[in-house]
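In what follows, a structure is listed as structure tokens, so that the remarks can point back to it.
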Number of protein chains: 2
Amino acid sequence: MTISEISKKCNISPDTLRYYEKVGLLSYVNRTSGGIRNYTEQDCAQVEFVKCMRSAGLSIEVLQKYFELFKRGKSTLKARRDLLAKERENLQMRFRELQDTIKRLDYKISVYDKALKSKSKELKF
Amino acid sequence: MTISEISKKCNISPDTLRYYEKVGLLSYVNRTSGGIRNYTEQDCAQVEFVKCMRSAGLSIEVLQKYFELFKRGKSTLKARRDLLAKERENLQMRFRELQDTIKRLDYKISVYDKALKSKSKELKF
DNA sequence: ATAGCAGTTGGAGTTAACTCCAAGTCAAGC
DNA sequence: GCTTGACTTGGAGTTAACTCCAACTGCTAT
């Protein structure tokens, strides 16, 4: 697959794909004889993984660390597991915070709805 | 309350508090005769609100818009309600994505645990 | 064989959201 | 009256994560 195909499929810009490769979030992608990137299904799955983790909020730095461990081979299995587990815990925390914030917004919206019905009050902020 | 008191109470740096005021996320904070900020309980509650929304991911720009509407008075009640409702929907979406990502990480971690037990396999990434 | 387009590279530029700095002010204690 | 320390301001600097650019290469179709 060419870079534009992956770009469309994963909805990530070619520039971002090249950037991810440059900083080590994709192991070096094979090139055709003409020097053009030729993504495999594997590469594609990895791009999807990176995209998913990035949009959940994992930093580039953490993902670099993960793939760097990967390159070092089987001896880093435990370290990688632990890295993922730690990030999982971070997400869990953000998950609960997000839940609370949504509840808070629900309450605030309900206060607005009341104010709108009574057509008189102003709120504090 | 002085800026350093609020800073401690809300765990936001004085620089950030001044920045928020400058860009309109806090209505102008009263000063003492000597020109020093003197935060009220109200201000404090607003700081808490901003902090909560910011850490949930609402942009400075959206919060600026919200407080700008606020300054325009009661006529913008509906607009503010709708702005909050829209942001709430965004958060709800991110909430579900986060849930999925956590599940995905759980699965990946379980795969790692299996690999660690069998002490032989390497994973794809 | 040439026009045109998709791709390549290294490196510069952009954006959001802070964060830091220099120069100055003010109240309090010695 | 002078030092100290917390505060003030406007504005410059930083960081993460892209995003854009210029100059170039190499297929493909006319």
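How things are named: the first chain in the structure tokens is A, the next is B, and so on; residues count from 1 in each chain; ligands count from 1 in the order shown.
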Contacts of chain A with chain C up to 10 Å, shortest pair per row, only C-alpha atoms (C1' of nucleotides), as a Markdown table:
| residue | atom | partner | partner_atom | distance |
| --- | --- | --- | --- | --- |
| A:Thr2 | CA | C:DG7 | C1' | 9.0 |
| A:Ile3 | CA | C:DG7 | C1' | 8.5 |
| A:Ser4 | CA | C:DA6 | C1' | 8.8 |
| A:Gly34 | CA | C:DG7 | C1' | 9.4 |
| A:Gly35 | CA | C:DT8 | C1' | 7.2 |
| A:Ile36 | CA | C:DG7 | C1' | 6.3 |
| A:Arg37 | CA | C:DG7 | C1' | 8.5 |
Print the selection's residues with N, CA and C atoms to a file, as a PDB file, in the first residue's frame.
ATOM      1  N   THR A   2       0.456   2.245  -0.791  1.00  0.00           N
ATOM      2  CA  THR A   2       1.197   3.512  -0.817  1.00  0.00           C
ATOM      3  C   THR A   2       0.801   4.371   0.381  1.00  0.00           C
ATOM      4  N   ILE A   3       1.550   5.438   0.550  1.00  0.00           N
ATOM      5  CA  ILE A   3       1.281   6.313   1.697  1.00  0.00           C
ATOM      6  C   ILE A   3      -0.099   6.962   1.601  1.00  0.00           C
ATOM      7  N   SER A   4      -0.533   7.275   0.396  1.00  0.00           N
ATOM      8  CA  SER A   4      -1.839   7.937   0.273  1.00  0.00           C
ATOM      9  C   SER A   4      -2.981   6.958   0.543  1.00  0.00           C
ATOM     10  N   GLY A  34      11.953   2.183  -6.486  1.00  0.00           N
ATOM     11  CA  GLY A  34      12.009   3.629  -6.723  1.00  0.00           C
ATOM     12  C   GLY A  34      12.093   4.453  -5.447  1.00  0.00           C
ATOM     13  N   GLY A  35      12.095   3.811  -4.286  1.00  0.00           N
ATOM     14  CA  GLY A  35      12.243   4.541  -3.037  1.00  0.00           C
ATOM     15  C   GLY A  35      10.931   4.953  -2.394  1.00  0.00           C
ATOM     16  N   ILE A  36       9.816   4.405  -2.934  1.00  0.00           N
ATOM     17  CA  ILE A  36       8.498   4.789  -2.418  1.00  0.00           C
ATOM     18  C   ILE A  36       8.023   3.820  -1.340  1.00  0.00           C
ATOM     19  N   ARG A  37       7.494   4.365  -0.251  1.00  0.00           N
ATOM     20  CA  ARG A  37       7.024   3.533   0.858  1.00  0.00           C
ATOM     21  C   ARG A  37       5.964   2.533   0.407  1.00  0.00           C
TER      22      ARG A  37
END
Superimposed copy of chain A on chain B by least squares over C-alpha atoms, as a compact mmCIF listing (two decimals) with N, CA and C atoms, in the first residue's frame:
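What ended up in part-v7.txt:
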# COMPACT_ATOMS: atom_id res chain seq x y z
N MET A 1 -8.53 36.48 48.76
CA MET A 1 -7.43 35.52 48.61
C MET A 1 -6.39 36.03 47.61
N THR A 2 -5.12 35.84 47.95
CA THR A 2 -4.05 36.25 47.03
C THR A 2 -3.87 35.19 45.94
N ILE A 3 -3.07 35.56 44.96
CA ILE A 3 -2.86 34.63 43.85
C ILE A 3 -2.16 33.35 44.30
N SER A 4 -1.27 33.46 45.27
CA SER A 4 -0.55 32.25 45.70
C SER A 4 -1.46 31.33 46.50
N GLU A 5 -2.41 31.92 47.21
CA GLU A 5 -3.37 31.10 47.95
C GLU A 5 -4.26 30.31 46.99
N ILE A 6 -4.78 31.01 45.98
CA ILE A 6 -5.60 30.34 44.97
C ILE A 6 -4.77 29.28 44.25
N SER A 7 -3.55 29.67 43.96
CA SER A 7 -2.64 28.76 43.27
C SER A 7 -2.51 27.44 44.02
N LYS A 8 -2.30 27.55 45.33
CA LYS A 8 -2.15 26.34 46.14
C LYS A 8 -3.48 25.58 46.20
N LYS A 9 -4.53 26.33 46.48
CA LYS A 9 -5.85 25.71 46.67
C LYS A 9 -6.31 24.95 45.43
N CYS A 10 -6.08 25.54 44.27
CA CYS A 10 -6.57 24.92 43.03
C CYS A 10 -5.48 24.15 42.28
N ASN A 11 -4.26 24.25 42.80
CA ASN A 11 -3.15 23.58 42.13
C ASN A 11 -2.98 24.03 40.67
N ILE A 12 -2.98 25.35 40.52
CA ILE A 12 -2.71 25.97 39.22
C ILE A 12 -1.65 27.04 39.47
N SER A 13 -0.67 27.13 38.60
CA SER A 13 0.42 28.08 38.84
C SER A 13 -0.08 29.51 38.72
N PRO A 14 0.53 30.43 39.48
CA PRO A 14 0.18 31.85 39.38
C PRO A 14 0.23 32.35 37.94
N ASP A 15 1.26 31.92 37.21
CA ASP A 15 1.38 32.32 35.81
C ASP A 15 0.15 31.90 35.02
N THR A 16 -0.30 30.70 35.25
CA THR A 16 -1.47 30.22 34.52
C THR A 16 -2.72 31.00 34.91
N LEU A 17 -2.83 31.32 36.20
CA LEU A 17 -3.98 32.11 36.66
C LEU A 17 -3.99 33.49 35.98
N ARG A 18 -2.81 34.12 35.93
CA ARG A 18 -2.73 35.43 35.26
C ARG A 18 -3.04 35.28 33.77
N TYR A 19 -2.53 34.21 33.20
CA TYR A 19 -2.80 33.94 31.78
C TYR A 19 -4.30 33.77 31.52
N TYR A 20 -4.96 32.99 32.34
CA TYR A 20 -6.40 32.79 32.18
C TYR A 20 -7.15 34.11 32.27
N GLU A 21 -6.72 34.93 33.20
CA GLU A 21 -7.38 36.23 33.34
C GLU A 21 -7.16 37.07 32.08
N LYS A 22 -5.91 37.08 31.62
CA LYS A 22 -5.56 37.87 30.45
C LYS A 22 -6.38 37.49 29.22
N VAL A 23 -6.60 36.18 29.04
CA VAL A 23 -7.31 35.75 27.83
C VAL A 23 -8.82 35.65 28.03
N GLY A 24 -9.29 36.01 29.24
CA GLY A 24 -10.73 36.11 29.42
C GLY A 24 -11.43 34.90 30.01
N LEU A 25 -10.68 34.03 30.67
CA LEU A 25 -11.33 32.88 31.30
C LEU A 25 -11.74 33.19 32.74
N LEU A 26 -11.27 34.34 33.22
CA LEU A 26 -11.75 34.85 34.52
C LEU A 26 -12.12 36.30 34.29
N SER A 27 -13.33 36.65 34.69
CA SER A 27 -13.68 38.05 34.59
C SER A 27 -12.67 38.81 35.46
N TYR A 28 -12.34 40.02 35.06
CA TYR A 28 -11.29 40.81 35.71
C TYR A 28 -11.35 40.68 37.23
N VAL A 29 -10.25 40.24 37.81
CA VAL A 29 -10.18 40.01 39.26
C VAL A 29 -9.89 41.34 39.96
N ASN A 30 -10.63 41.64 41.01
CA ASN A 30 -10.41 42.87 41.77
C ASN A 30 -9.01 42.94 42.36
N ARG A 31 -8.51 44.19 42.52
CA ARG A 31 -7.18 44.40 43.08
C ARG A 31 -7.31 45.16 44.40
N THR A 32 -6.33 44.97 45.27
CA THR A 32 -6.25 45.79 46.48
C THR A 32 -5.79 47.18 46.05
N SER A 33 -5.76 48.10 47.01
CA SER A 33 -5.29 49.46 46.68
C SER A 33 -3.87 49.42 46.11
N GLY A 34 -3.09 48.43 46.56
CA GLY A 34 -1.72 48.31 46.05
C GLY A 34 -1.64 47.64 44.68
N GLY A 35 -2.77 47.24 44.11
CA GLY A 35 -2.76 46.66 42.78
C GLY A 35 -2.64 45.14 42.76
N ILE A 36 -2.78 44.53 43.96
CA ILE A 36 -2.61 43.07 44.05
C ILE A 36 -3.95 42.36 43.92
N ARG A 37 -3.98 41.30 43.13
CA ARG A 37 -5.22 40.54 42.91
C ARG A 37 -5.80 40.02 44.23
N ASN A 38 -7.11 40.17 44.37
CA ASN A 38 -7.81 39.73 45.57
C ASN A 38 -8.99 38.86 45.16
N TYR A 39 -8.73 37.56 45.07
CA TYR A 39 -9.75 36.63 44.57
C TYR A 39 -10.87 36.41 45.59
N THR A 40 -12.11 36.45 45.08
CA THR A 40 -13.26 36.12 45.92
C THR A 40 -13.55 34.62 45.83
N GLU A 41 -14.49 34.15 46.65
CA GLU A 41 -14.92 32.75 46.58
C GLU A 41 -15.48 32.43 45.20
N GLN A 42 -16.20 33.40 44.67
CA GLN A 42 -16.75 33.30 43.31
C GLN A 42 -15.66 33.06 42.28
N ASP A 43 -14.62 33.91 42.35
CA ASP A 43 -13.49 33.75 41.43
C ASP A 43 -12.92 32.35 41.55
N CYS A 44 -12.81 31.91 42.79
CA CYS A 44 -12.23 30.61 43.08
C CYS A 44 -13.06 29.50 42.44
N ALA A 45 -14.38 29.61 42.59
CA ALA A 45 -15.26 28.61 42.00
C ALA A 45 -15.11 28.59 40.48
N GLN A 46 -14.94 29.79 39.92
CA GLN A 46 -14.79 29.87 38.47
C GLN A 46 -13.47 29.25 38.02
N VAL A 47 -12.42 29.50 38.79
CA VAL A 47 -11.13 28.88 38.49
C VAL A 47 -11.28 27.36 38.51
N GLU A 48 -11.96 26.85 39.50
CA GLU A 48 -12.19 25.40 39.61
C GLU A 48 -12.93 24.87 38.38
N PHE A 49 -13.93 25.63 37.98
CA PHE A 49 -14.70 25.24 36.80
C PHE A 49 -13.81 25.18 35.56
N VAL A 50 -13.04 26.26 35.37
CA VAL A 50 -12.14 26.32 34.21
C VAL A 50 -11.15 25.15 34.26
N LYS A 51 -10.60 24.91 35.43
CA LYS A 51 -9.64 23.83 35.57
C LYS A 51 -10.26 22.49 35.17
N CYS A 52 -11.46 22.26 35.68
CA CYS A 52 -12.16 21.02 35.40
C CYS A 52 -12.41 20.86 33.91
N MET A 53 -12.90 21.91 33.28
CA MET A 53 -13.20 21.85 31.84
C MET A 53 -11.93 21.69 31.02
N ARG A 54 -10.90 22.42 31.41
CA ARG A 54 -9.63 22.31 30.69
C ARG A 54 -9.07 20.90 30.77
N SER A 55 -9.13 20.29 31.96
CA SER A 55 -8.50 18.97 32.05
C SER A 55 -9.37 17.90 31.39
N ALA A 56 -10.63 18.22 31.16
CA ALA A 56 -11.46 17.30 30.37
C ALA A 56 -11.19 17.48 28.88
N GLY A 57 -10.51 18.56 28.54
CA GLY A 57 -10.13 18.74 27.14
C GLY A 57 -10.80 19.89 26.40
N LEU A 58 -11.67 20.65 27.07
CA LEU A 58 -12.24 21.83 26.40
C LEU A 58 -11.10 22.80 26.11
N SER A 59 -11.13 23.40 24.94
CA SER A 59 -10.05 24.32 24.58
C SER A 59 -10.24 25.68 25.24
N ILE A 60 -9.15 26.41 25.34
CA ILE A 60 -9.18 27.78 25.81
C ILE A 60 -10.19 28.57 24.97
N GLU A 61 -10.14 28.32 23.67
CA GLU A 61 -11.00 29.06 22.74
C GLU A 61 -12.48 28.89 23.07
N VAL A 62 -12.89 27.67 23.34
CA VAL A 62 -14.29 27.40 23.67
C VAL A 62 -14.68 28.09 24.97
N LEU A 63 -13.79 28.04 25.93
CA LEU A 63 -14.09 28.67 27.22
C LEU A 63 -14.14 30.19 27.08
N GLN A 64 -13.25 30.73 26.23
CA GLN A 64 -13.31 32.17 25.94
C GLN A 64 -14.68 32.53 25.40
N LYS A 65 -15.12 31.75 24.43
CA LYS A 65 -16.44 31.97 23.82
C LYS A 65 -17.53 31.96 24.89
N TYR A 66 -17.47 30.96 25.77
CA TYR A 66 -18.47 30.84 26.83
C TYR A 66 -18.50 32.08 27.70
N PHE A 67 -17.35 32.53 28.16
CA PHE A 67 -17.33 33.68 29.07
C PHE A 67 -17.61 34.98 28.35
N GLU A 68 -17.32 34.99 27.08
CA GLU A 68 -17.64 36.15 26.27
C GLU A 68 -19.17 36.30 26.17
N LEU A 69 -19.83 35.17 25.93
CA LEU A 69 -21.30 35.16 25.92
C LEU A 69 -21.83 35.62 27.27
N PHE A 70 -21.18 35.13 28.31
CA PHE A 70 -21.60 35.48 29.66
C PHE A 70 -21.63 36.99 29.86
N LYS A 71 -20.54 37.62 29.41
CA LYS A 71 -20.43 39.07 29.59
C LYS A 71 -21.57 39.80 28.89
N ARG A 72 -22.09 39.21 27.82
CA ARG A 72 -23.15 39.87 27.07
C ARG A 72 -24.52 39.78 27.76
N GLY A 73 -24.56 39.01 28.85
CA GLY A 73 -25.77 39.04 29.67
C GLY A 73 -26.81 37.97 29.36
N LYS A 74 -27.98 38.18 29.97
CA LYS A 74 -29.05 37.18 29.98
C LYS A 74 -29.47 36.73 28.58
N SER A 75 -29.34 37.62 27.61
CA SER A 75 -29.82 37.28 26.27
C SER A 75 -29.06 36.11 25.66
N THR A 76 -27.94 35.76 26.27
CA THR A 76 -27.14 34.66 25.71
C THR A 76 -27.30 33.35 26.47
N LEU A 77 -28.27 33.29 27.35
CA LEU A 77 -28.50 32.07 28.15
C LEU A 77 -28.60 30.83 27.25
N LYS A 78 -29.45 30.94 26.24
CA LYS A 78 -29.66 29.80 25.35
C LYS A 78 -28.37 29.41 24.62
N ALA A 79 -27.67 30.41 24.14
CA ALA A 79 -26.42 30.14 23.41
C ALA A 79 -25.41 29.44 24.30
N ARG A 80 -25.33 29.88 25.56
CA ARG A 80 -24.40 29.25 26.50
C ARG A 80 -24.81 27.82 26.79
N ARG A 81 -26.12 27.62 27.00
CA ARG A 81 -26.63 26.27 27.24
C ARG A 81 -26.24 25.36 26.09
N ASP A 82 -26.43 25.86 24.87
CA ASP A 82 -26.16 25.04 23.69
C ASP A 82 -24.67 24.75 23.53
N LEU A 83 -23.88 25.78 23.83
CA LEU A 83 -22.43 25.58 23.79
C LEU A 83 -22.02 24.46 24.75
N LEU A 84 -22.53 24.51 25.96
CA LEU A 84 -22.19 23.47 26.94
C LEU A 84 -22.69 22.10 26.49
N ALA A 85 -23.92 22.09 25.93
CA ALA A 85 -24.49 20.81 25.49
C ALA A 85 -23.64 20.19 24.38
N LYS A 86 -23.14 21.06 23.50
CA LYS A 86 -22.31 20.56 22.41
C LYS A 86 -20.99 19.98 22.95
N GLU A 87 -20.39 20.71 23.87
CA GLU A 87 -19.15 20.22 24.46
C GLU A 87 -19.39 18.93 25.24
N ARG A 88 -20.53 18.85 25.87
CA ARG A 88 -20.91 17.63 26.58
C ARG A 88 -20.93 16.45 25.62
N GLU A 89 -21.51 16.66 24.45
CA GLU A 89 -21.58 15.58 23.46
C GLU A 89 -20.19 15.15 23.00
N ASN A 90 -19.33 16.15 22.79
CA ASN A 90 -17.94 15.83 22.43
C ASN A 90 -17.29 14.95 23.51
N LEU A 91 -17.49 15.34 24.77
CA LEU A 91 -16.89 14.58 25.85
C LEU A 91 -17.46 13.16 25.88
N GLN A 92 -18.76 13.06 25.64
CA GLN A 92 -19.41 11.75 25.64
C GLN A 92 -18.75 10.84 24.59
N MET A 93 -18.45 11.44 23.45
CA MET A 93 -17.81 10.67 22.39
C MET A 93 -16.42 10.22 22.81
N ARG A 94 -15.68 11.17 23.36
CA ARG A 94 -14.33 10.83 23.81
C ARG A 94 -14.38 9.81 24.95
N PHE A 95 -15.42 9.87 25.73
CA PHE A 95 -15.63 8.94 26.82
C PHE A 95 -15.74 7.51 26.29
N ARG A 96 -16.56 7.36 25.25
CA ARG A 96 -16.74 6.02 24.67
C ARG A 96 -15.46 5.53 24.00
N GLU A 97 -14.78 6.45 23.31
CA GLU A 97 -13.51 6.06 22.69
C GLU A 97 -12.50 5.60 23.74
N LEU A 98 -12.49 6.34 24.84
CA LEU A 98 -11.56 6.02 25.92
C LEU A 98 -11.86 4.63 26.48
N GLN A 99 -13.13 4.36 26.63
CA GLN A 99 -13.57 3.06 27.13
C GLN A 99 -13.05 1.94 26.20
N ASP A 100 -13.22 2.15 24.90
CA ASP A 100 -12.77 1.16 23.92
C ASP A 100 -11.26 0.98 23.98
N THR A 101 -10.55 2.10 24.12
CA THR A 101 -9.10 2.02 24.15
C THR A 101 -8.62 1.27 25.39
N ILE A 102 -9.29 1.51 26.49
CA ILE A 102 -8.93 0.79 27.72
C ILE A 102 -9.15 -0.71 27.53
N LYS A 103 -10.27 -1.05 26.90
CA LYS A 103 -10.53 -2.48 26.62
C LYS A 103 -9.44 -3.06 25.73
N ARG A 104 -9.06 -2.28 24.72
CA ARG A 104 -8.03 -2.74 23.81
C ARG A 104 -6.71 -2.97 24.53
N LEU A 105 -6.39 -2.06 25.44
CA LEU A 105 -5.16 -2.21 26.22
C LEU A 105 -5.27 -3.44 27.13
N ASP A 106 -6.44 -3.64 27.71
CA ASP A 106 -6.63 -4.82 28.57
C ASP A 106 -6.35 -6.09 27.79
N TYR A 107 -6.87 -6.13 26.58
CA TYR A 107 -6.64 -7.31 25.74
C TYR A 107 -5.15 -7.49 25.46
N LYS A 108 -4.52 -6.39 25.06
CA LYS A 108 -3.10 -6.44 24.72
C LYS A 108 -2.26 -6.88 25.92
N ILE A 109 -2.62 -6.38 27.09
CA ILE A 109 -1.89 -6.76 28.30
C ILE A 109 -2.07 -8.25 28.57
N SER A 110 -3.29 -8.75 28.33
CA SER A 110 -3.54 -10.18 28.56
C SER A 110 -2.72 -11.04 27.59
N VAL A 111 -2.54 -10.53 26.37
CA VAL A 111 -1.70 -11.25 25.41
C VAL A 111 -0.25 -11.28 25.90
N TYR A 112 0.19 -10.14 26.46
CA TYR A 112 1.53 -10.09 27.02
C TYR A 112 1.68 -11.09 28.16
N ASP A 113 0.67 -11.16 29.00
CA ASP A 113 0.75 -12.06 30.15
C ASP A 113 0.86 -13.51 29.69
N LYS A 114 0.14 -13.84 28.62
CA LYS A 114 0.23 -15.19 28.08
C LYS A 114 1.65 -15.44 27.56
N ALA A 115 2.14 -14.48 26.80
CA ALA A 115 3.48 -14.62 26.22
C ALA A 115 4.54 -14.77 27.31
N LEU A 116 4.32 -14.05 28.41
CA LEU A 116 5.29 -14.11 29.51
C LEU A 116 5.26 -15.48 30.19
N LYS A 117 4.08 -16.07 30.28
CA LYS A 117 3.97 -17.40 30.92
C LYS A 117 4.64 -18.46 30.07
N SER A 118 4.36 -18.45 28.78
CA SER A 118 4.90 -19.51 27.92
C SER A 118 6.39 -19.30 27.64
N LYS A 119 6.90 -18.15 28.05
CA LYS A 119 8.34 -17.86 27.96
C LYS A 119 8.96 -18.19 26.60
N SER A 120 8.25 -17.87 25.53
CA SER A 120 8.87 -18.20 24.25
C SER A 120 8.48 -17.23 23.14
N LYS A 121 7.20 -16.90 23.10
CA LYS A 121 6.72 -16.13 21.97
C LYS A 121 7.14 -14.65 21.98
N GLU A 122 7.23 -14.09 20.79
CA GLU A 122 7.34 -12.64 20.64
C GLU A 122 6.04 -12.18 19.98
N LEU A 123 5.70 -10.93 20.18
CA LEU A 123 4.47 -10.41 19.59
C LEU A 123 4.78 -9.60 18.34
N LYS A 124 3.69 -9.19 17.69
CA LYS A 124 3.89 -8.46 16.44
C LYS A 124 4.25 -6.99 16.68
N PHE A 125 3.63 -6.40 17.67
CA PHE A 125 4.03 -5.06 18.12
C PHE A 125 3.35 -4.70 19.42
Discussion item. Show me, as a PyMOL selection string, the residues of chain D whose atoms get within 10 Å of chain A, using only C-alpha atoms (C1' of nucleotides) for the distance check.
Written reply: chain D and resi 16-20+25-27
Generate a file of the selected residues that holds N, CA and C atoms (P, O5', C5', C4', C3', O3' and C1' of nucleotides), formatted as a JSON list (two decimals), in the first residue's frame.
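So again06.json came out as:
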[["chain", "number", "residue", "atom", "x", "y", "z"],
["D", 16, "DA", "P", 8.42, 18.28, 24.93],
["D", 16, "DA", "O5'", 7.01, 18.01, 24.27],
["D", 16, "DA", "C5'", 5.82, 18.20, 25.01],
["D", 16, "DA", "C4'", 4.65, 18.01, 24.08],
["D", 16, "DA", "C3'", 4.80, 16.82, 23.13],
["D", 16, "DA", "O3'", 3.53, 16.17, 23.07],
["D", 16, "DA", "C1'", 4.55, 18.81, 21.87],
["D", 17, "DA", "P", 3.42, 14.77, 22.30],
["D", 17, "DA", "O5'", 2.91, 15.27, 20.88],
["D", 17, "DA", "C5'", 1.67, 15.96, 20.80],
["D", 17, "DA", "C4'", 1.48, 16.45, 19.39],
["D", 17, "DA", "C3'", 1.76, 15.40, 18.29],
["D", 17, "DA", "O3'", 0.69, 15.42, 17.37],
["D", 17, "DA", "C1'", 2.87, 17.40, 17.83],
["D", 18, "DC", "P", 0.39, 14.13, 16.45],
["D", 18, "DC", "O5'", 1.42, 14.26, 15.24],
["D", 18, "DC", "C5'", 1.11, 14.89, 14.02],
["D", 18, "DC", "C4'", 0.79, 16.36, 14.18],
["D", 18, "DC", "C3'", 0.39, 17.02, 12.88],
["D", 18, "DC", "O3'", -0.74, 17.87, 13.09],
["D", 18, "DC", "C1'", 2.22, 18.15, 13.87],
["D", 19, "DT", "P", -1.73, 18.15, 11.86],
["D", 19, "DT", "O5'", -0.88, 19.04, 10.83],
["D", 19, "DT", "C5'", -0.81, 20.45, 11.03],
["D", 19, "DT", "C4'", 0.12, 21.06, 10.00],
["D", 19, "DT", "C3'", -0.13, 20.64, 8.55],
["D", 19, "DT", "O3'", -0.51, 21.83, 7.86],
["D", 19, "DT", "C1'", 2.19, 20.71, 9.06],
["D", 20, "DC", "P", -0.86, 21.89, 6.33],
["D", 20, "DC", "O5'", 0.45, 22.61, 5.76],
["D", 20, "DC", "C5'", 1.00, 23.70, 6.50],
["D", 20, "DC", "C4'", 2.33, 24.12, 5.89],
["D", 20, "DC", "C3'", 2.36, 24.06, 4.36],
["D", 20, "DC", "O3'", 2.83, 25.33, 3.91],
["D", 20, "DC", "C1'", 4.23, 22.89, 5.29],
["D", 25, "DT", "P", 17.26, 14.65, -8.72],
["D", 25, "DT", "O5'", 16.24, 13.43, -8.53],
["D", 25, "DT", "C5'", 16.17, 12.73, -7.29],
["D", 25, "DT", "C4'", 15.10, 11.66, -7.42],
["D", 25, "DT", "C3'", 15.14, 10.88, -8.72],
["D", 25, "DT", "O3'", 14.93, 9.52, -8.40],
["D", 25, "DT", "C1'", 12.99, 11.79, -8.42],
["D", 26, "DG", "P", 15.41, 8.38, -9.36],
["D", 26, "DG", "O5'", 14.08, 7.61, -9.73],
["D", 26, "DG", "C5'", 13.08, 7.36, -8.74],
["D", 26, "DG", "C4'", 11.76, 7.13, -9.44],
["D", 26, "DG", "C3'", 11.85, 6.47, -10.82],
["D", 26, "DG", "O3'", 10.72, 5.65, -10.97],
["D", 26, "DG", "C1'", 10.69, 8.46, -11.01],
["D", 27, "DC", "P", 10.97, 4.07, -11.30],
["D", 27, "DC", "O5'", 9.54, 3.41, -11.60],
["D", 27, "DC", "C5'", 8.84, 3.76, -12.77],
["D", 27, "DC", "C4'", 7.44, 4.20, -12.40],
["D", 27, "DC", "C3'", 6.43, 3.88, -13.48],
["D", 27, "DC", "O3'", 5.19, 3.59, -12.88],
["D", 27, "DC", "C1'", 6.62, 6.24, -13.24]]
